[in-house]
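Shown next: protein-v1.txt, given as compact mmCIF, C-alpha atoms and all ligand atoms.
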```
# COMPACT_ATOMS: atom_id res chain seq x y z
CA MET W 75 -9.99 7.58 29.24
CA PRO W 76 -13.56 8.90 29.62
CA ALA W 77 -15.47 9.77 26.43
CA ARG W 78 -15.28 13.43 25.38
CA PHE W 79 -17.37 14.84 22.57
CA GLN W 80 -17.32 17.88 20.28
CA PRO W 81 -19.55 19.00 17.41
CA LEU W 82 -18.95 17.24 14.07
CA VAL W 83 -17.23 19.45 11.49
CA TYR W 84 -19.43 18.82 8.45
CA THR W 85 -20.39 20.87 5.39
CA PRO W 86 -23.57 19.53 3.75
CA PRO W 87 -23.29 19.21 -0.04
CA GLU W 88 -25.57 21.29 -2.28
CA PRO W 89 -28.49 19.30 -3.78
CA GLY W 90 -27.19 17.18 -6.66
CA GLU W 91 -23.63 17.64 -5.49
CA THR W 92 -23.48 14.25 -3.75
CA LEU W 93 -24.14 12.38 -6.99
CA ARG W 94 -21.76 14.58 -8.96
CA ARG W 95 -18.96 14.00 -6.45
CA ALA W 96 -19.62 10.26 -6.20
CA ARG W 97 -19.40 10.00 -10.00
CA ALA W 98 -16.30 12.19 -10.23
CA PHE W 99 -14.48 10.11 -7.62
CA TYR W 100 -15.47 6.87 -9.31
CA GLU W 101 -14.30 8.18 -12.71
CA GLN W 102 -11.04 9.17 -11.07
CA MET W 103 -10.47 5.88 -9.26
CA ARG W 104 -11.49 3.58 -12.10
CA THR W 105 -8.38 4.65 -14.03
CA ARG W 106 -6.06 3.35 -11.29
CA ARG W 107 -3.84 0.49 -12.38
CA SER W 108 -1.04 -1.39 -10.69
CA VAL W 109 2.04 -0.41 -12.67
CA ARG W 110 5.40 -2.16 -12.85
CA ASP W 111 7.14 0.08 -15.42
CA PHE W 112 8.32 3.12 -13.45
CA SER W 113 10.10 6.30 -14.51
CA ASP W 114 12.91 7.62 -12.31
CA ARG W 115 11.31 11.09 -12.38
CA PRO W 116 11.43 12.44 -8.83
CA VAL W 117 8.32 13.00 -6.73
CA PRO W 118 8.55 15.79 -4.15
CA HIS W 119 8.76 14.78 -0.52
CA GLU W 120 5.72 16.95 0.29
CA VAL W 121 3.46 14.94 -2.05
CA ILE W 122 4.36 11.73 -0.22
CA GLU W 123 3.92 13.46 3.11
CA LEU W 124 0.40 14.59 2.19
CA ALA W 125 -0.54 11.10 0.97
CA LEU W 126 0.70 9.68 4.28
CA ARG W 127 -1.36 12.24 6.17
CA THR W 128 -4.35 11.06 4.12
CA ALA W 129 -3.61 7.43 4.98
CA ALA W 130 -3.49 8.37 8.65
CA THR W 131 -7.08 9.69 8.50
CA ALA W 132 -8.31 6.09 8.14
CA PRO W 133 -10.59 4.61 10.78
CA SER W 134 -8.92 1.98 12.95
CA GLY W 135 -9.85 -0.41 15.75
CA ALA W 136 -10.28 1.66 18.96
CA ASN W 137 -8.52 4.47 17.03
CA GLN W 138 -5.22 2.76 17.83
CA GLN W 139 -3.79 3.58 14.39
CA PRO W 140 -1.73 0.39 14.41
CA TRP W 141 0.42 1.30 11.40
CA HIS W 142 3.78 2.72 10.53
CA PHE W 143 4.90 3.83 7.08
CA VAL W 144 8.55 4.11 6.06
CA ALA W 145 8.95 6.23 2.91
CA VAL W 146 12.23 5.24 1.29
CA SER W 147 13.91 7.40 -1.35
CA ASP W 148 17.58 6.73 -0.47
CA PRO W 149 19.06 4.85 -3.48
CA ALA W 150 21.32 2.73 -1.26
CA ILE W 151 18.37 1.52 0.83
CA LYS W 152 16.25 0.92 -2.27
CA LYS W 153 19.08 -1.22 -3.67
CA GLN W 154 19.27 -3.24 -0.45
CA ILE W 155 15.51 -3.80 -0.61
CA ARG W 156 15.67 -4.83 -4.26
CA LEU W 157 18.46 -7.34 -3.66
CA ALA W 158 16.71 -8.87 -0.64
CA ALA W 159 13.32 -8.96 -2.39
CA GLU W 160 14.72 -10.56 -5.54
CA GLU W 161 16.45 -13.24 -3.50
CA GLU W 162 13.13 -14.19 -1.88
CA GLU W 163 11.24 -13.88 -5.17
CA ARG W 164 13.67 -16.14 -7.02
CA ARG W 165 13.00 -18.80 -4.43
CA PHE W 166 9.26 -18.10 -4.60
CA TYR W 167 9.06 -18.54 -8.36
CA ARG W 168 11.53 -21.44 -8.47
CA GLU W 169 10.42 -23.59 -5.55
CA ARG W 170 8.14 -22.07 -2.93
CA ALA W 171 5.04 -21.19 -4.91
CA PRO W 172 2.64 -24.08 -5.55
CA GLU W 173 1.82 -24.67 -9.22
CA ALA W 174 -1.74 -23.36 -8.71
CA TRP W 175 -0.42 -20.04 -7.37
CA LEU W 176 1.90 -19.58 -10.36
CA GLU W 177 -1.02 -20.37 -12.66
CA ALA W 178 -3.18 -17.74 -10.94
CA LEU W 179 -0.40 -15.17 -11.49
CA ASP W 180 0.37 -16.14 -15.06
CA HIS W 181 -1.77 -13.43 -16.68
CA LEU W 182 0.10 -10.70 -14.78
CA GLY W 183 3.39 -11.57 -16.44
CA THR W 184 5.37 -11.18 -13.20
CA GLY W 185 8.73 -12.76 -12.40
CA PRO W 186 11.54 -12.53 -9.86
CA GLU W 187 13.19 -9.44 -11.40
CA LYS W 188 12.08 -6.28 -9.58
CA PRO W 189 13.91 -3.33 -11.22
CA PHE W 190 11.14 -0.96 -10.11
CA LEU W 191 12.40 -1.29 -6.54
CA GLU W 192 15.35 0.86 -7.63
CA THR W 193 13.81 2.90 -10.46
CA ALA W 194 10.74 4.23 -8.65
CA PRO W 195 11.53 7.35 -6.59
CA TRP W 196 9.67 6.13 -3.49
CA LEU W 197 9.06 2.79 -1.81
CA ILE W 198 6.55 3.14 0.99
CA ALA W 199 6.91 0.21 3.37
CA VAL W 200 3.72 -0.45 5.30
CA PHE W 201 4.08 -1.99 8.76
CA ALA W 202 1.32 -3.32 11.01
CA GLN W 203 1.80 -2.94 14.74
CA ASN W 204 0.60 -6.31 16.04
CA TYR W 205 0.63 -4.79 19.50
CA GLY W 206 1.59 -1.44 20.96
CA LEU W 207 4.30 -0.69 23.50
CA ASP W 208 3.89 1.83 26.29
CA ASP W 209 6.71 3.97 27.64
CA ALA W 210 7.67 1.24 30.10
CA GLY W 211 7.83 -1.35 27.30
CA ASN W 212 4.57 -3.10 28.30
CA LYS W 213 2.49 -4.64 25.52
CA ILE W 214 -0.80 -2.95 24.62
CA LYS W 215 -3.33 -5.14 22.81
CA HIS W 216 -4.33 -3.85 19.35
CA TYR W 217 -7.68 -4.64 17.76
CA TYR W 218 -8.54 -5.28 14.09
CA VAL W 219 -4.95 -4.69 13.02
CA GLN W 220 -5.19 -6.20 9.54
CA GLU W 221 -8.42 -4.40 8.75
CA SER W 222 -7.09 -1.07 10.01
CA VAL W 223 -3.84 -1.30 8.05
CA GLY W 224 -5.76 -2.34 4.93
CA LEU W 225 -8.02 0.70 5.25
CA ALA W 226 -5.10 3.10 5.69
CA THR W 227 -3.22 1.59 2.78
CA GLY W 228 -6.30 1.88 0.56
CA LEU W 229 -6.54 5.58 1.36
CA LEU W 230 -2.81 5.95 0.70
CA ILE W 231 -3.18 4.40 -2.75
CA ALA W 232 -6.23 6.57 -3.53
CA ALA W 233 -4.34 9.71 -2.45
CA LEU W 234 -1.31 8.87 -4.57
CA HIS W 235 -3.48 8.05 -7.57
CA THR W 236 -5.45 11.27 -7.19
CA ALA W 237 -2.15 13.19 -7.14
CA GLY W 238 -1.39 11.72 -10.59
CA LEU W 239 1.10 9.11 -9.46
CA VAL W 240 1.07 5.39 -10.08
CA THR W 241 1.63 2.65 -7.54
CA LEU W 242 2.31 -1.04 -7.25
CA THR W 243 1.23 -2.87 -4.14
CA HIS W 244 4.13 -5.27 -3.91
CA THR W 245 4.36 -8.17 -1.48
CA PRO W 246 7.70 -9.91 -1.72
CA SER W 247 7.20 -13.16 0.07
CA PRO W 248 8.33 -13.52 2.77
CA MET W 249 9.31 -9.94 3.56
CA ASN W 250 10.76 -9.99 7.05
CA PHE W 251 13.94 -8.51 5.59
CA LEU W 252 12.11 -5.16 5.51
CA ARG W 253 12.05 -5.00 9.29
CA ASN W 254 15.82 -5.54 9.45
CA ILE W 255 16.77 -3.20 6.60
CA LEU W 256 14.49 -0.43 7.89
CA GLY W 257 15.29 -1.02 11.57
CA ARG W 258 11.70 -1.40 12.74
CA PRO W 259 10.85 -2.79 16.20
CA LYS W 260 9.72 -6.34 16.90
CA ASN W 261 6.04 -5.41 17.39
CA GLU W 262 5.86 -4.35 13.73
CA ARG W 263 5.21 -6.75 10.87
CA PRO W 264 5.85 -5.71 7.26
CA VAL W 265 2.63 -5.90 5.22
CA MET W 266 3.53 -4.56 1.80
CA LEU W 267 5.55 -2.12 -0.24
CA VAL W 268 3.66 0.61 -2.07
CA VAL W 269 6.00 1.36 -4.96
CA THR W 270 5.27 4.96 -5.98
CA GLY W 271 6.22 7.28 -8.82
CA TYR W 272 5.43 8.22 -12.40
CA PRO W 273 5.01 5.59 -15.10
CA ALA W 274 7.84 5.05 -17.59
CA ASP W 275 7.22 6.32 -21.13
CA GLY W 276 5.42 3.54 -22.93
CA ALA W 277 4.55 1.73 -19.68
CA ARG W 278 2.32 -1.27 -20.26
CA VAL W 279 -0.14 -3.03 -17.98
CA PRO W 280 -1.81 -6.42 -18.27
CA VAL W 281 -5.27 -6.56 -19.82
CA LEU W 282 -7.58 -7.03 -16.83
CA SER W 283 -11.19 -6.29 -16.05
CA LYS W 284 -13.02 -5.65 -12.82
CA LYS W 285 -16.08 -7.66 -11.83
CA ALA W 286 -19.48 -6.18 -12.69
CA LEU W 287 -21.43 -4.41 -9.95
CA ASP W 288 -23.96 -7.24 -9.69
CA GLU W 289 -21.12 -9.69 -9.07
CA ILE W 290 -19.57 -7.73 -6.24
CA ALA W 291 -22.60 -6.23 -4.54
CA CYS W 292 -26.31 -6.66 -4.06
CA PHE W 293 -29.06 -4.46 -2.72
CA VAL W 294 -31.64 -5.95 -0.37
N1 LIG W 301 5.24 -11.62 -4.75
C1 LIG W 301 5.40 -12.10 -6.11
C2 LIG W 301 4.22 -12.86 -6.61
C3 LIG W 301 2.93 -12.14 -6.73
C4 LIG W 301 1.86 -12.56 -5.96
C5 LIG W 301 0.63 -12.01 -6.11
I1 LIG W 301 -0.93 -12.76 -5.05
C6 LIG W 301 0.41 -10.97 -7.05
O1 LIG W 301 -0.83 -10.39 -7.21
C7 LIG W 301 1.48 -10.55 -7.83
C8 LIG W 301 2.75 -11.15 -7.66
C9 LIG W 301 5.78 -10.94 -7.05
O2 LIG W 301 5.69 -9.78 -6.66
O3 LIG W 301 6.18 -11.20 -8.16
```

Can the structure from this file be put into structure tokens for me?
Amino acid sequence: MPARFQPLVYTPPEPGETLRRARAFYEQMRTRRSVRDFSDRPVPHEVIELALRTAATAPSGANQQPWHFVAVSDPAIKKQIRLAAEEEERRFYRERAPEAWLEALDHLGTGPEKPFLETAPWLIAVFAQNYGLDDAGNKIKHYYVQESVGLATGLLIAALHTAGLVTLTHTPSPMNFLRNILGRPKNERPVMLVVTGYPADGARVPVLSKKALDEIACFV
């Protein structure tokens, strides 16, 4: 397709507004935590829909948007996902995970029981489209799939957090069962579950800290 251009839709911030907004967004995002204690309080469909629309604004390789999100609220499907995930997780914790991996996880206090997969009102399954398929079923090469899906998922998490919800980025390992349970095509690979809802009363999170700015970035 030949390149077509249009004027950028852009509203310049007032002087001083850039810094104020950067600070406000940072203050908002720094309170995000991965939560495992979920309330069963419902979250309206429209909130999830808007967060997914936000995710879909992400940049992607050649604008191929190589992602698909399945937002699950059906209790019967959530139960199926929980049972399948716990089966894999039991094996992970019992035999599959090397000792060093379990040690690295120790401070998170995780284990094979995943009640949040049924308690949380929404499980958003993130799929990466390793390649596309045209109408005739021919494969279309996708570029920077992992990066693109990571970017979209980051925006999804930011949108959900900004709406006042909590999330857990959960990666049962392996998680091919998601493709079968959710009936996704063979060009899609499950990447993670974004468990979404409100925190339970008295929810607790592990004591963690983020690296200092000078550890994660430098200016040259
Ligand atoms: N998938 C397992 C183990 C796990 C792995 C990592 I890396 C984490 O950051 C957290 C957990 C589980 O969900 O328990």

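The list of residues within 12 Å of (-1.2, 17.6, -4.2), counted using all atoms listed in the file, is Val117, Pro118, His119, Glu120, Val121, Ile122, Glu123, Leu124, Ala125, Leu126, Arg127, Thr128, Ala233, Leu234, His235, Thr236, Ala237, Gly238 and Leu239 of chain W.
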
Check: Distance CA of Thr245 (chain W)-CA of Val146 (chain W), one decimal place?
Finding: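 Distance reported for this atom pair: 15.8 Å.
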
Find the smallest box with edges along x, y and z containing every listed atom of ligand LIG 301 (chain W), then add 5 Å on each side and report centre and edge lengths in Å to one decimal, as AutoDock Vina command-line options.
```
--center_x 2.6 --center_y -11.3 --center_z -6.5 --size_x 17.1 --size_y 13.1 --size_z 13.4
```

Check: Which chains and residue numbers are within 9 Å of ligand LIG 301 (chain W), counting all atoms listed in the file, if I want them as JSON, numbers by chain?
Finding: {"W": [159, 160, 162, 163, 166, 167, 171, 175, 176, 178, 179, 182, 183, 184, 185, 186, 187, 188, 243, 244, 245, 246, 247, 248]}

Would you mind exporting the chosen residues as an mmCIF file, in the coordinates of the input, restricted to C-alpha atoms?
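File written: out_35.cif
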```
data_model
loop_
_atom_site.group_PDB
_atom_site.id
_atom_site.type_symbol
_atom_site.label_atom_id
_atom_site.label_comp_id
_atom_site.auth_asym_id
_atom_site.auth_seq_id
_atom_site.Cartn_x
_atom_site.Cartn_y
_atom_site.Cartn_z
ATOM 1 C CA ALA W 159 13.320 -8.960 -2.390
ATOM 2 C CA GLU W 160 14.720 -10.560 -5.540
ATOM 3 C CA GLU W 162 13.130 -14.190 -1.880
ATOM 4 C CA GLU W 163 11.240 -13.880 -5.170
ATOM 5 C CA PHE W 166 9.260 -18.100 -4.600
ATOM 6 C CA TYR W 167 9.060 -18.540 -8.360
ATOM 7 C CA ALA W 171 5.040 -21.190 -4.910
ATOM 8 C CA TRP W 175 -0.420 -20.040 -7.370
ATOM 9 C CA LEU W 176 1.900 -19.580 -10.360
ATOM 10 C CA ALA W 178 -3.180 -17.740 -10.940
ATOM 11 C CA LEU W 179 -0.400 -15.170 -11.490
ATOM 12 C CA LEU W 182 0.100 -10.700 -14.780
ATOM 13 C CA GLY W 183 3.390 -11.570 -16.440
ATOM 14 C CA THR W 184 5.370 -11.180 -13.200
ATOM 15 C CA GLY W 185 8.730 -12.760 -12.400
ATOM 16 C CA PRO W 186 11.540 -12.530 -9.860
ATOM 17 C CA GLU W 187 13.190 -9.440 -11.400
ATOM 18 C CA LYS W 188 12.080 -6.280 -9.580
ATOM 19 C CA THR W 243 1.230 -2.870 -4.140
ATOM 20 C CA HIS W 244 4.130 -5.270 -3.910
ATOM 21 C CA THR W 245 4.360 -8.170 -1.480
ATOM 22 C CA PRO W 246 7.700 -9.910 -1.720
ATOM 23 C CA SER W 247 7.200 -13.160 0.070
ATOM 24 C CA PRO W 248 8.330 -13.520 2.770
#
```

Item checked: Who sits within 9 Å of Leu252 (chain W), only C-alpha atoms, same chain under 6 positions skipped, as an MDAnalysis selection string -> chainID W and resid 155 158:159 199 258 263:264

Note to self: What does the structure give for the distance between CA of Ala77 (chain W) and CA of Ala136 (chain W), in Å to one decimal?
What the structure shows: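 Straight-line distance from CA of Ala77 (chain W) to CA of Ala136 (chain W) works out to 12.2 Å.
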
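Take CA of Arg104 (chain W) and CA of Lys284 (chain W): the distance between them is 9.4 Å.
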
Note to self: Taking only C-alpha atoms into account, name the residue in W:Met266, W:Thr85, W:Gly224, W:Val294 that is nearest to Ala130 (chain W).
What the structure shows: W:Gly224

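Minimum distance to Phe190 (chain W) across W:Arg168, W:Lys285, W:Lys213, W:Lys153 (counting all atoms listed in the file) occurs at W:Lys153.
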
Margin query: Counting only C-alpha atoms, which residues sit no farther than 7 Å from the position (-7.5, -0.3, 15.9) in the file's frame? I'd like them as a list in words.
Written below: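 Looking at atoms near the point gives Ser134, Gly135, Ala136, Asn137, Gln138, Gln139, Pro140, His216, Tyr217, Tyr218, Val219 and Ser222 of chain W.
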
Output the selection as a PDB file, keeping the file's coordinate frame - C-alpha atoms for each residue.
```
ATOM      1  CA  SER W 134      -8.920   1.980  12.950  1.00  0.00           C
ATOM      2  CA  GLY W 135      -9.850  -0.410  15.750  1.00  0.00           C
ATOM      3  CA  ALA W 136     -10.280   1.660  18.960  1.00  0.00           C
ATOM      4  CA  ASN W 137      -8.520   4.470  17.030  1.00  0.00           C
ATOM      5  CA  GLN W 138      -5.220   2.760  17.830  1.00  0.00           C
ATOM      6  CA  GLN W 139      -3.790   3.580  14.390  1.00  0.00           C
ATOM      7  CA  PRO W 140      -1.730   0.390  14.410  1.00  0.00           C
ATOM      8  CA  HIS W 216      -4.330  -3.850  19.350  1.00  0.00           C
ATOM      9  CA  TYR W 217      -7.680  -4.640  17.760  1.00  0.00           C
ATOM     10  CA  TYR W 218      -8.540  -5.280  14.090  1.00  0.00           C
ATOM     11  CA  VAL W 219      -4.950  -4.690  13.020  1.00  0.00           C
ATOM     12  CA  SER W 222      -7.090  -1.070  10.010  1.00  0.00           C
TER      13      SER W 222
END
```

Note to self: When you count only C-alpha atoms, which of these residues is closest to Thr105 (chain W): W:Leu287, W:Val240, W:Ala277, W:Met249?
What the structure shows: W:Val240

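With distances restricted to only C-alpha atoms, W:Ile231 is the closest residue to Ala129 (chain W) from W:Val265, W:Cys292, W:Ala174, W:Ile231.
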
Item checked: Nearest-residue call for Leu207 (chain W), choices W:His181, W:Glu262, W:Ala232, W:Thr227, using all atoms listed in the file ->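 Nearest candidate to Leu207 (chain W) out of W:His181, W:Glu262, W:Ala232, W:Thr227: W:Glu262.
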
Next item on the list: Rank W:Arg164, W:Arg110, W:Arg95, W:Arg115 by their smallest atom-to-atom distance to Pro280 (chain W), using only C-alpha atoms, and report the top residue only.
Entry: W:Arg110
